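Trainee: So here's query_19.txt, just compact mmCIF, C-alpha atoms:
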```txt
# COMPACT_ATOMS: atom_id res chain seq x y z
CA MET U 69 138.41 13.40 42.57
CA LYS U 70 137.84 17.07 43.26
CA PRO U 71 135.14 18.74 41.17
CA PRO U 72 136.40 21.48 38.85
CA ARG U 73 136.87 24.86 40.46
CA SER U 74 133.91 26.40 38.68
CA GLU U 75 131.53 23.72 40.04
CA ARG U 76 132.76 24.09 43.56
CA LEU U 77 132.25 27.82 43.25
CA SER U 78 128.81 27.52 41.72
CA ALA U 79 127.59 25.57 44.76
CA PHE U 80 128.12 28.73 46.81
CA ARG U 81 126.80 31.16 44.22
CA PRO U 82 123.55 32.06 46.09
CA GLN U 83 125.49 32.76 49.28
CA ILE U 84 128.04 34.80 47.36
CA ALA U 85 125.25 36.81 45.75
CA ARG U 86 123.68 37.48 49.16
CA LEU U 87 127.02 38.50 50.60
CA GLU U 88 127.73 40.76 47.65
CA ARG U 89 124.40 42.51 48.17
CA ARG U 90 125.02 42.94 51.87
CA LEU U 91 128.51 44.27 51.25
CA PHE U 92 127.35 46.54 48.46
CA LEU U 93 128.02 49.83 50.17
CA LYS U 94 128.88 48.52 53.60
CA GLN U 95 132.37 47.98 52.30
CA GLY U 96 131.66 51.26 50.57
CA LEU U 97 133.40 53.01 53.37
CA SER U 98 136.84 51.55 52.93
CA LEU U 99 139.37 51.67 55.73
CA GLY U 100 140.93 55.02 55.01
CA ALA U 101 137.67 56.76 54.40
CA LEU U 102 136.12 55.14 57.46
CA SER U 103 138.91 56.36 59.73
CA LEU U 104 138.48 59.86 58.33
CA LEU U 105 134.75 59.73 58.86
CA SER U 106 134.76 57.98 62.22
CA GLY U 107 133.98 61.29 63.89
CA CYS U 108 130.59 61.32 62.20
CA THR U 109 127.93 58.80 63.17
CA LEU U 110 128.12 56.81 59.96
CA LYS U 111 127.92 53.52 61.88
CA ASP U 112 124.40 52.93 60.64
CA ASP U 113 125.57 52.55 57.06
CA ASP U 114 122.34 50.81 56.04
CA ALA U 115 120.88 54.32 56.17
CA VAL U 116 123.72 55.50 53.94
CA ASP U 117 123.01 52.62 51.53
CA ARG U 118 119.34 53.57 51.43
CA LEU U 119 120.17 57.22 50.84
CA LEU U 120 122.54 56.37 47.98
CA MET U 121 119.96 54.03 46.40
CA THR U 122 117.30 56.74 46.72
CA MET U 123 119.63 59.16 44.95
CA SER U 124 120.26 56.57 42.22
CA ARG U 125 116.49 56.20 41.63
CA PHE U 126 116.23 60.02 41.61
CA ASN U 127 119.02 60.12 39.01
CA ASP U 128 117.05 57.59 36.90
CA LYS U 129 114.21 60.13 36.74
CA ILE U 130 116.55 63.05 35.98
CA GLN U 131 118.20 61.10 33.15
CA ALA U 132 114.83 60.07 31.70
CA ALA U 133 113.82 63.74 31.69
CA LEU U 134 117.16 64.73 30.14
CA PHE U 135 116.81 62.09 27.40
CA ASP U 136 115.93 63.69 24.07
CA PRO U 137 114.40 60.99 21.80
CA ALA U 138 115.46 62.95 18.70
CA LYS U 139 119.06 63.70 19.73
CA LEU U 140 121.51 61.50 17.81
CA ALA U 141 124.83 60.28 19.18
CA PRO U 142 127.85 61.52 17.20
CA THR U 143 128.86 59.13 14.40
CA TYR U 144 132.34 58.41 13.11
CA SER U 145 133.99 57.08 9.98
CA GLU U 146 135.50 53.63 9.46
CA VAL U 147 139.07 54.85 10.05
CA ASP U 148 138.07 55.88 13.60
CA VAL U 149 137.03 52.33 14.60
CA THR U 150 139.01 51.03 17.59
CA THR U 151 140.97 47.86 16.81
CA PRO U 152 141.12 45.57 18.56
CA PHE U 153 137.80 46.42 20.19
CA PRO U 154 138.00 45.74 23.96
CA PHE U 155 136.23 42.58 25.14
CA ASN U 156 134.26 43.18 28.32
CA ALA U 157 131.93 40.89 30.26
CA TYR U 158 131.48 39.60 33.80
CA TYR U 159 133.43 36.49 32.72
CA GLU U 160 136.53 35.89 30.68
CA GLU U 161 136.73 35.77 26.93
CA LYS U 162 137.23 31.98 26.87
CA ASP U 163 133.87 31.48 28.62
CA ILE U 164 131.64 33.09 25.97
CA PRO U 165 128.57 31.01 25.05
CA LEU U 166 128.81 29.24 21.70
CA ILE U 167 125.50 29.40 19.86
CA ASP U 168 124.53 27.46 16.76
CA GLY U 169 123.13 30.01 14.30
CA GLU U 170 121.16 27.37 12.34
CA SER U 171 118.99 26.28 15.25
CA TYR U 172 118.93 29.67 16.97
CA ARG U 173 115.49 31.16 17.61
CA LEU U 174 114.92 34.53 19.27
CA GLN U 175 112.16 34.10 21.87
CA LEU U 176 109.60 36.84 22.62
CA SER U 177 107.39 37.28 25.67
CA GLY U 178 105.42 39.80 27.67
CA LEU U 179 103.36 42.61 26.14
CA VAL U 180 103.92 41.48 22.55
CA ALA U 181 101.10 40.64 20.09
CA ASP U 182 103.07 38.19 17.93
CA LYS U 183 105.26 35.96 20.10
CA ARG U 184 106.41 33.72 17.23
CA PRO U 185 110.17 33.00 17.62
CA TRP U 186 112.54 34.47 15.02
CA SER U 187 115.31 32.70 13.13
CA LEU U 188 118.44 34.56 12.04
CA ASP U 189 117.39 34.38 8.38
CA GLU U 190 114.06 36.02 9.22
CA LEU U 191 115.85 38.78 11.15
CA ARG U 192 118.24 39.29 8.23
CA ALA U 193 115.27 39.64 5.86
CA LEU U 194 114.22 42.81 7.73
CA PRO U 195 115.69 46.18 6.61
CA GLN U 196 119.27 46.52 7.91
CA SER U 197 121.10 49.66 8.93
CA SER U 198 124.62 50.33 10.13
CA GLN U 199 126.24 52.72 12.60
CA ILE U 200 129.73 53.70 13.76
CA THR U 201 129.42 55.14 17.25
CA ARG U 202 131.32 55.43 20.52
CA LEU U 203 130.66 52.85 23.20
CA VAL U 204 131.29 54.30 26.66
CA CYS U 205 131.93 51.80 29.46
CA VAL U 206 130.80 52.45 33.03
CA GLU U 207 134.48 51.95 33.94
CA GLY U 208 135.35 55.14 32.05
CA TRP U 209 137.07 53.87 28.90
CA SER U 210 135.48 54.24 25.50
CA ALA U 211 135.90 52.65 22.07
CA ILE U 212 134.47 53.32 18.62
CA GLY U 213 132.82 50.37 16.93
CA GLN U 214 130.66 49.45 13.96
CA TRP U 215 127.38 47.57 14.29
CA ARG U 216 124.81 46.53 11.69
CA GLY U 217 121.33 45.16 12.15
CA VAL U 218 117.61 45.89 12.47
CA ALA U 219 116.37 49.21 13.84
CA PHE U 220 114.93 48.13 17.19
CA ARG U 221 111.90 50.41 16.78
CA HIS U 222 111.06 48.67 13.49
CA PHE U 223 111.36 45.26 15.15
CA LEU U 224 109.19 46.26 18.14
CA GLU U 225 106.52 47.61 15.76
CA ARG U 226 106.76 44.47 13.64
CA ILE U 227 106.10 42.10 16.57
CA GLY U 228 103.27 44.27 17.85
CA ALA U 229 104.99 45.25 21.09
CA ASP U 230 103.05 47.53 23.42
CA LEU U 231 105.06 50.71 22.76
CA THR U 232 103.45 52.42 25.74
CA ALA U 233 104.92 49.84 28.14
CA ARG U 234 107.69 51.05 30.43
CA TYR U 235 110.46 48.50 29.90
CA VAL U 236 112.08 46.20 27.37
CA GLY U 237 114.00 43.36 29.01
CA PHE U 238 116.67 41.01 27.65
CA LYS U 239 117.67 37.50 28.71
CA CYS U 240 121.00 36.32 27.36
CA ALA U 241 122.69 32.98 26.69
CA ASP U 242 125.53 33.93 29.06
CA LYS U 243 123.06 34.30 32.00
CA TYR U 244 123.39 38.06 31.66
CA TYR U 245 120.19 40.08 31.76
CA SER U 246 119.34 43.76 31.49
CA SER U 247 116.51 46.15 30.69
CA ILE U 248 116.00 49.57 29.16
CA ASP U 249 113.26 52.21 29.14
CA MET U 250 110.87 52.26 26.17
CA PRO U 251 111.88 55.77 24.92
CA SER U 252 115.52 54.58 24.62
CA ALA U 253 114.34 51.37 22.92
CA LEU U 254 112.56 53.49 20.30
CA HIS U 255 115.53 55.83 19.70
CA PRO U 256 116.53 55.88 15.97
CA GLN U 257 120.06 54.64 16.78
CA THR U 258 118.96 51.66 18.88
CA LEU U 259 119.86 48.55 16.87
CA LEU U 260 119.20 44.85 17.18
CA ALA U 261 122.67 44.10 15.87
CA LEU U 262 123.44 41.01 13.77
CA ASP U 263 126.84 42.02 12.39
CA PHE U 264 129.84 43.15 14.38
CA THR U 265 133.60 42.64 14.32
CA ASP U 266 133.68 39.24 15.99
CA ALA U 267 131.35 36.56 17.37
CA LYS U 268 132.78 37.11 20.85
CA TYR U 269 130.97 40.47 21.01
CA GLY U 270 127.58 38.75 21.20
CA TYR U 271 126.86 36.28 18.37
CA PRO U 272 124.26 35.88 17.09
CA LEU U 273 122.31 38.85 18.41
CA ARG U 274 123.05 41.82 20.61
CA LEU U 275 121.56 45.18 21.42
CA ARG U 276 123.46 48.30 20.46
CA LEU U 277 122.35 51.70 21.69
CA PRO U 278 124.85 54.59 21.82
CA THR U 279 122.55 56.49 24.19
CA LYS U 280 123.46 54.23 27.12
CA LEU U 281 126.59 52.87 28.78
CA GLY U 282 128.15 49.66 27.47
CA PHE U 283 126.65 47.35 30.10
CA LYS U 284 123.16 48.36 28.89
CA ASN U 285 124.03 46.76 25.51
CA PRO U 286 123.33 43.05 26.23
CA LYS U 287 125.08 40.42 24.09
CA PHE U 288 124.13 36.83 23.11
CA ILE U 289 120.42 37.73 23.41
CA GLY U 290 118.10 34.73 23.68
CA GLU U 291 114.84 36.38 24.68
CA ILE U 292 113.28 39.83 24.52
CA PHE U 293 110.28 40.79 26.65
CA VAL U 294 108.14 43.89 27.07
CA THR U 295 106.80 44.69 30.53
CA ASN U 296 105.59 47.31 32.97
CA ASP U 297 107.26 45.57 35.93
CA TYR U 298 110.81 46.74 36.62
CA PRO U 299 113.04 43.90 35.36
CA GLY U 300 116.38 45.12 36.77
CA GLY U 301 119.59 43.68 35.38
CA TYR U 302 122.76 41.75 36.22
CA TRP U 303 124.83 44.81 37.20
CA GLU U 304 121.83 46.97 38.04
CA ASP U 305 120.76 44.53 40.79
CA LYS U 306 124.26 44.75 42.26
CA GLY U 307 123.97 48.53 42.66
CA TYR U 308 124.86 50.13 39.32
CA ASN U 309 122.54 52.91 38.20
CA TRP U 310 119.68 51.49 36.14
CA PHE U 311 119.09 54.22 33.52
CA SER U 312 122.82 54.76 32.83
CA GLY U 313 122.16 57.05 29.87
CA SER U 314 124.90 58.75 27.89
CA MET H 1323 128.18 97.01 65.16
CA VAL H 1324 131.27 96.43 67.28
CA GLY H 1325 130.82 97.61 70.89
CA GLY H 1326 133.57 99.62 72.51
CA ALA H 1327 134.63 96.75 74.79
CA ASP H 1328 134.09 94.01 72.19
CA LYS H 1329 137.30 93.53 70.24
CA SER H 1330 135.90 90.75 67.97
CA ARG H 1331 133.99 91.26 64.73
CA THR H 1332 132.44 89.10 62.03
CA ILE H 1333 134.99 88.34 59.32
CA HIS H 1334 133.25 85.37 57.70
CA PRO H 1335 129.51 85.85 57.02
CA LEU H 1336 127.28 82.95 58.13
CA PHE H 1337 126.30 82.17 54.52
CA VAL H 1338 129.95 81.80 53.52
CA ARG H 1339 130.72 79.60 56.54
CA VAL H 1340 127.79 77.23 55.93
CA THR H 1341 128.44 76.87 52.19
CA HIS H 1342 132.17 76.46 52.91
CA TRP H 1343 131.66 73.42 55.15
CA VAL H 1344 128.96 71.87 52.97
CA ASN H 1345 131.34 72.32 50.05
CA ALA H 1346 134.20 70.80 52.05
CA PHE H 1347 132.11 67.65 52.65
CA ALA H 1348 130.96 67.49 49.02
CA ILE H 1349 134.50 67.91 47.67
CA PHE H 1350 135.77 65.26 50.11
CA VAL H 1351 133.18 62.77 48.81
CA MET H 1352 133.64 63.72 45.14
CA VAL H 1353 137.45 63.45 45.22
CA LEU H 1354 137.65 60.16 47.17
CA SER H 1355 134.87 58.45 45.19
CA GLY H 1356 136.35 59.91 42.00
CA TRP H 1357 139.68 58.26 42.80
CA ARG H 1358 137.94 54.88 43.05
CA ILE H 1359 136.18 55.49 39.71
CA TYR H 1360 139.53 56.47 38.18
CA ASN H 1361 141.02 53.16 39.39
CA ALA H 1362 138.45 51.19 37.34
CA SER H 1363 140.17 52.41 34.17
CA PRO H 1364 143.30 54.46 35.00
CA LEU H 1365 144.12 57.21 32.52
CA PHE H 1366 147.76 57.35 33.52
CA GLY H 1367 150.26 54.81 34.75
CA PHE H 1368 149.15 54.77 38.38
CA GLU H 1369 146.21 54.01 40.67
CA PHE H 1370 145.09 55.72 43.85
CA PRO H 1371 145.69 53.70 47.05
CA LYS H 1372 142.44 51.86 47.75
CA ASP H 1373 142.40 52.87 51.41
CA PHE H 1374 142.14 56.52 50.39
CA THR H 1375 139.09 55.99 48.22
CA LEU H 1376 135.38 55.98 48.94
CA GLY H 1377 132.83 53.47 47.69
CA GLY H 1378 134.67 50.16 48.06
CA TRP H 1379 134.03 49.11 44.49
CA LEU H 1380 133.02 50.83 41.27
CA ALA H 1381 129.25 50.74 41.81
CA GLY H 1382 129.60 52.10 45.34
CA ALA H 1383 131.98 54.86 44.24
CA LEU H 1384 129.63 55.85 41.40
CA ALA H 1385 126.67 55.92 43.80
CA TRP H 1386 128.56 58.29 46.12
CA HIS H 1387 129.80 60.42 43.20
CA PHE H 1388 126.37 60.82 41.57
CA ALA H 1389 124.71 61.57 44.92
CA ALA H 1390 127.27 64.12 46.13
CA MET H 1391 127.34 65.88 42.75
CA TRP H 1392 123.96 67.39 43.60
CA LEU H 1393 125.26 68.70 46.91
CA LEU H 1394 128.36 70.15 45.23
CA ALA H 1395 126.45 71.78 42.38
CA LEU H 1396 123.48 73.18 44.36
CA ASN H 1397 125.64 74.42 47.24
CA GLY H 1398 128.09 75.91 44.71
CA LEU H 1399 125.29 77.70 42.86
CA ALA H 1400 123.97 79.12 46.15
CA TYR H 1401 127.48 80.33 47.04
CA LEU H 1402 128.03 81.93 43.61
CA ALA H 1403 124.63 83.66 43.74
CA TYR H 1404 125.35 84.96 47.25
CA GLY H 1405 128.86 86.09 46.31
CA LEU H 1406 127.66 88.00 43.27
CA VAL H 1407 124.50 89.52 44.78
CA SER H 1408 125.81 90.43 48.23
CA GLY H 1409 128.99 92.04 46.93
CA HIS H 1410 131.10 89.47 48.83
CA PHE H 1411 133.12 88.62 45.68
CA ARG H 1412 133.68 92.29 44.79
CA ARG H 1413 134.69 93.21 48.34
CA SER H 1414 136.89 90.18 49.02
CA PHE H 1415 138.42 89.26 45.67
CA MET H 1416 138.85 92.66 43.96
CA PRO H 1417 141.25 93.95 42.87
CA ILE H 1418 142.96 90.74 41.79
CA SER H 1419 146.51 90.63 40.47
CA LEU H 1420 148.81 87.74 39.61
CA ARG H 1421 151.82 90.02 40.14
CA GLY H 1422 150.55 90.95 43.60
CA ALA H 1423 149.99 87.27 44.40
CA PHE H 1424 153.56 86.46 43.37
CA ASP H 1425 154.94 89.27 45.53
CA ASP H 1426 152.86 88.03 48.49
CA VAL H 1427 154.18 84.49 48.11
CA LEU H 1428 157.75 85.84 48.18
CA LEU H 1429 156.93 87.87 51.32
CA ALA H 1430 155.30 84.82 52.92
CA MET H 1431 158.38 82.71 52.24
CA ARG H 1432 160.49 85.24 54.11
CA GLY H 1433 157.94 85.30 56.93
CA LEU H 1434 157.08 88.91 56.24
CA LEU H 1435 153.49 88.55 55.01
CA ASP H 1436 151.03 89.98 57.47
CA HIS H 1437 147.83 87.94 57.81
CA ALA H 1438 145.11 90.50 58.41
CA PRO H 1439 141.87 88.85 59.62
CA GLY H 1440 138.91 89.67 57.40
CA ARG H 1441 141.00 90.74 54.44
CA TYR H 1442 142.40 88.37 51.80
CA ASN H 1443 145.93 89.07 50.62
CA ALA H 1444 146.73 89.01 46.90
CA ALA H 1445 147.85 85.35 46.98
CA GLN H 1446 144.63 84.27 48.70
CA ARG H 1447 142.53 86.15 46.16
CA VAL H 1448 144.19 84.40 43.24
CA CYS H 1449 143.98 80.98 44.95
CA TYR H 1450 140.32 81.29 45.96
CA VAL H 1451 139.19 82.57 42.56
CA GLY H 1452 141.38 79.91 40.93
CA VAL H 1453 139.85 77.05 42.93
CA ILE H 1454 136.31 78.31 42.26
CA LEU H 1455 137.12 78.18 38.54
CA ALA H 1456 138.65 74.70 38.95
CA VAL H 1457 135.44 73.44 40.60
CA ILE H 1458 133.37 74.94 37.78
CA VAL H 1459 135.61 73.20 35.20
CA ALA H 1460 135.36 69.94 37.19
CA ILE H 1461 131.54 70.14 37.15
CA LEU H 1462 131.35 71.01 33.44
CA SER H 1463 133.81 68.28 32.40
CA GLY H 1464 131.97 65.86 34.70
CA LEU H 1465 128.70 66.65 32.91
CA ALA H 1466 130.49 66.17 29.57
CA ILE H 1467 131.62 62.67 30.64
CA TRP H 1468 128.25 61.78 32.19
CA LYS H 1469 126.18 62.82 29.16
CA PRO H 1470 128.35 62.73 26.00
CA VAL H 1471 125.23 62.28 23.84
CA GLN H 1472 122.61 64.51 25.49
CA LEU H 1473 125.18 67.24 26.26
CA GLN H 1474 127.36 66.57 23.18
CA THR H 1475 127.98 70.30 22.54
CA LEU H 1476 129.58 70.58 25.97
CA THR H 1477 131.55 67.37 25.38
CA ALA H 1478 132.77 68.69 22.01
CA LEU H 1479 133.79 71.94 23.75
CA MET H 1480 135.97 69.84 26.07
CA GLY H 1481 137.63 68.28 23.02
CA GLY H 1482 135.49 65.12 22.94
CA TYR H 1483 134.76 62.34 25.45
CA GLU H 1484 138.33 61.14 25.99
CA ALA H 1485 139.69 64.71 26.31
CA ALA H 1486 136.89 65.55 28.78
CA ARG H 1487 138.08 62.70 31.04
CA ARG H 1488 141.52 64.33 31.13
CA VAL H 1489 140.08 67.80 31.75
CA HIS H 1490 138.09 66.27 34.65
CA PHE H 1491 141.25 64.67 36.05
CA PHE H 1492 143.32 67.86 35.91
CA ALA H 1493 140.51 69.94 37.43
CA MET H 1494 140.54 67.43 40.32
CA ALA H 1495 144.35 67.64 40.54
CA THR H 1496 144.14 71.46 40.72
CA ILE H 1497 141.55 71.26 43.50
CA VAL H 1498 143.65 68.74 45.46
CA ALA H 1499 146.81 70.86 45.02
CA PHE H 1500 144.88 73.84 46.37
CA LEU H 1501 143.64 71.76 49.31
CA VAL H 1502 147.16 70.70 50.29
CA VAL H 1503 148.19 74.37 50.64
CA HIS H 1504 144.81 75.52 52.00
CA ILE H 1505 144.52 72.89 54.73
CA GLY H 1506 148.23 73.13 55.51
CA LEU H 1507 147.96 76.86 56.16
CA ALA H 1508 144.57 76.62 57.91
CA VAL H 1509 145.98 74.33 60.58
CA SER H 1510 149.42 75.94 60.86
CA VAL H 1511 148.71 79.68 60.86
CA LYS H 1512 147.54 80.67 64.31
CA GLY H 1513 143.98 81.88 64.86
CA ILE H 1514 142.49 81.45 61.39
CA LEU H 1515 140.69 78.08 61.70
CA ALA H 1516 138.30 78.96 64.54
CA PRO H 1517 136.80 81.99 62.76
CA MET H 1518 135.75 79.69 59.88
CA PHE H 1519 133.37 78.09 62.44
CA THR H 1520 132.47 81.06 64.64
CA GLY H 1521 132.83 83.79 62.04
CA ARG H 1522 134.42 86.07 64.61
CA ALA H 1523 138.01 87.21 64.91
CA GLU H 1524 140.00 89.63 66.99
CA ALA H 1525 139.91 93.10 65.47
CA PRO H 1526 143.24 94.03 63.86
CA ARG H 1527 145.33 96.32 66.01
```
Please render this file's structure as structure tokens.

Mentor:
Amino acid sequence: MKPPRSERLSAFRPQIARLERRLFLKQGLSLGALSLLSGCTLKDDDAVDRLLMTMSRFNDKIQAALFDPAKLAPTYSEVDVTTPFPFNAYYEEKDIPLIDGESYRLQLSGLVADKRPWSLDELRALPQSSQITRLVCVEGWSAIGQWRGVAFRHFLERIGADLTARYVGFKCADKYYSSIDMPSALHPQTLLALDFTDAKYGYPLRLRLPTKLGFKNPKFIGEIFVTNDYPGGYWEDKGYNWFSGS
Amino acid sequence: MVGGADKSRTIHPLFVRVTHWVNAFAIFVMVLSGWRIYNASPLFGFEFPKDFTLGGWLAGALAWHFAAMWLLALNGLAYLAYGLVSGHFRRSFMPISLRGAFDDVLLAMRGLLDHAPGRYNAAQRVCYVGVILAVIVAILSGLAIWKPVQLQTLTALMGGYEAARRVHFFAMATIVAFLVVHIGLAVSVKGILAPMFTGRAEAPR
């Protein structure tokens, strides 16, 4: 009997990942563009890759400098909320992880004083706030949604996180991972969201920050860590800009 | 400056030639990578053919776009500063008249428009000033899309995030429409392409 398609694929996943990395910008010069540029010596496209990555790191710094910790994203009213809200992930909607809320515990690690895991009831006992803001996807589309949960700054203070550390990282139940800079984590509109339209958008816990693109809002969060070592991210490691601020 | 025996003279200053070709490269990268970014979430009922895009996939196209934007903006600022300070804009673009441009287009269609090296006709003036404005709108709407929170006043000025995407698209479309005419004429009208490299042209007789 043949193994299911997904298993056969998963056997090759490391090779696929390597290939993807190698092809990142090599395929960047697609046929038409390559023929137009063939007059230039762009053969050594590893140098082009390096230049583009250097510019992306430079843009991280520019965006961090441009980030105003007191500037609030525009908010909207309930009638503006986009329905249905678009589902977006690196997998299809039917493959979302199903998490049992009763046994769920949020894990903490890294530069955190109190690493005790949190149940959903404990998270719900913290002060809750709500926001209606625009989520902008790296693909260009946008949608207005409503999220409710714990102010992330309050949570980080509560667990004794080192607020001078550089990064907050997230590990998710869907094998997704991402990280954000500490100033964005401490922004007043950055929420550890418990309530949203539907479980498929990240039950039981997701991050919501309107100051960054959609893919910097990890869903189905299982673990949060604070660190000074660059943690990268699922899309970030494939070549998307890390800071991706709005 | 021009010797008695030397019939050629400088019609395009070195500064204009250098910024022109840097700009040409930057626009080329911005438009082709922009088309690939557009394809990730098309605003209208069509996509750009993949072979005429740059970046291969969304992350690659974004990397090109956000690298070349610096080249476009800094080179553009240098060009604007030079044009204003040196008097190049005043000398070359003034006076400007839409009516005159229209008359020139009619003359050109009848093959009667004289192309005098070193002097822009009324149609050229309107087109060049128009495309400079289109690039400025493209950059501003691009900033509005890139930073709808940090630069929210600019985004609001564009009519909001979704409207800014459309402004950005139509600024691109204006630039590309200009390029079709501009490149078409540059390669078909005799003796006007070389001076954009050398700067020198035969003196008008």

Trainee: When you draw a straight line from atom CA of U:Ala138 to atom CA of U:Leu188, how long is it in Å?

Mentor: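 Atom CA of U:Leu188 lies at a distance of 29.3 Å from atom CA of U:Ala138.
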
Trainee: Would you work out the distance separating atom CA of H:Leu1406 from atom CA of H:Ala1460, expressed in Å to one decimal?

Mentor: 20.6 Å

Trainee: Let me make sure I understand: among H:Ile1418, H:Ala1381, H:Leu1394, H:Ala1445, which one has the smallest atom-to-atom distance to chain U if we use all atoms listed in the file?

Mentor: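 Answer, going by the shortest atom-to-atom distance: H:Ala1381.
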
Trainee: Can you check which residues of chain H have any atom within 9 Å of chain U? Use all atoms listed in the file and format it as a PyMOL selection string.

Mentor: chain H and resi 1354+1359-1365+1372-1386+1388-1389+1467-1474+1483-1484+1487

Trainee: May I ask for the distance between atom CA of H:Asn1443 and atom CA of H:Ala1348, given in Å to one decimal place?

Mentor: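 Calculated distance between atom CA of H:Asn1443 and atom CA of H:Ala1348 is 26.3 Å.
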
Trainee: Just the residues within 9 Å of U:Gly217, please, counting all atoms listed in the file, with nothing from its chain fewer than 2 positions along; format it as a PyMOL selection string.

Mentor: chain U and resi 191-192+194-198+215+219-220+259-263+273

Trainee: Counting only C-alpha atoms, what is within 10 Å of H:Met1518, bar same-chain residues fewer than 2 positions away, as a list in words?

Mentor: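 So, after excluding close chain neighbours, the residues are Ile1333, His1334, Pro1335, Leu1336, Val1338, Arg1339, Val1340, His1342, Trp1343, Ala1508, Gly1513, Ile1514, Leu1515, Ala1516, Thr1520, Gly1521, Arg1522 and Ala1523 of chain H.
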
Trainee: Around stretch 1438-1442 of chain H, with edges along x, y and z and 3 Å added on all six sides, what centre and edge lengths do you get, in Å to one decimal, as lines of an AutoDock Vina configuration file?

Mentor:
```
center_x = 142.0
center_y = 89.6
center_z = 55.7
size_x = 12.2
size_y = 8.4
size_z = 13.8
```

Trainee: For U:Tyr298, list every protein, DNA or RNA residue within 12 Å, evaluated using all atoms listed in the file, and leave out those in the same chain fewer than 6 positions away; present the list as a ChimeraX atom specification.

Mentor: /U:233-237,246-250,304-305,310-311

Trainee: Which neighbours of U:Asp230 fall inside 7 Å, counting only C-alpha atoms, when residues of the same chain fewer than 2 positions from it are skipped, and could you give them as a PyMOL selection string?

Mentor: chain U and resi 179-180+228+232-233

Trainee: As a PyMOL selection string, please: the residues near U:Tyr271 (cut-off 8 Å, all atoms listed in the file, same-chain neighbours under 4 positions excluded).

Mentor: chain U and resi 167+262+266-267+287-288

Trainee: Quick one: of H:Val1453, H:Met1391, H:Leu1434, H:Ala1478, who's nearest to H:Ala1466, counting only C-alpha atoms?

Mentor: H:Ala1478
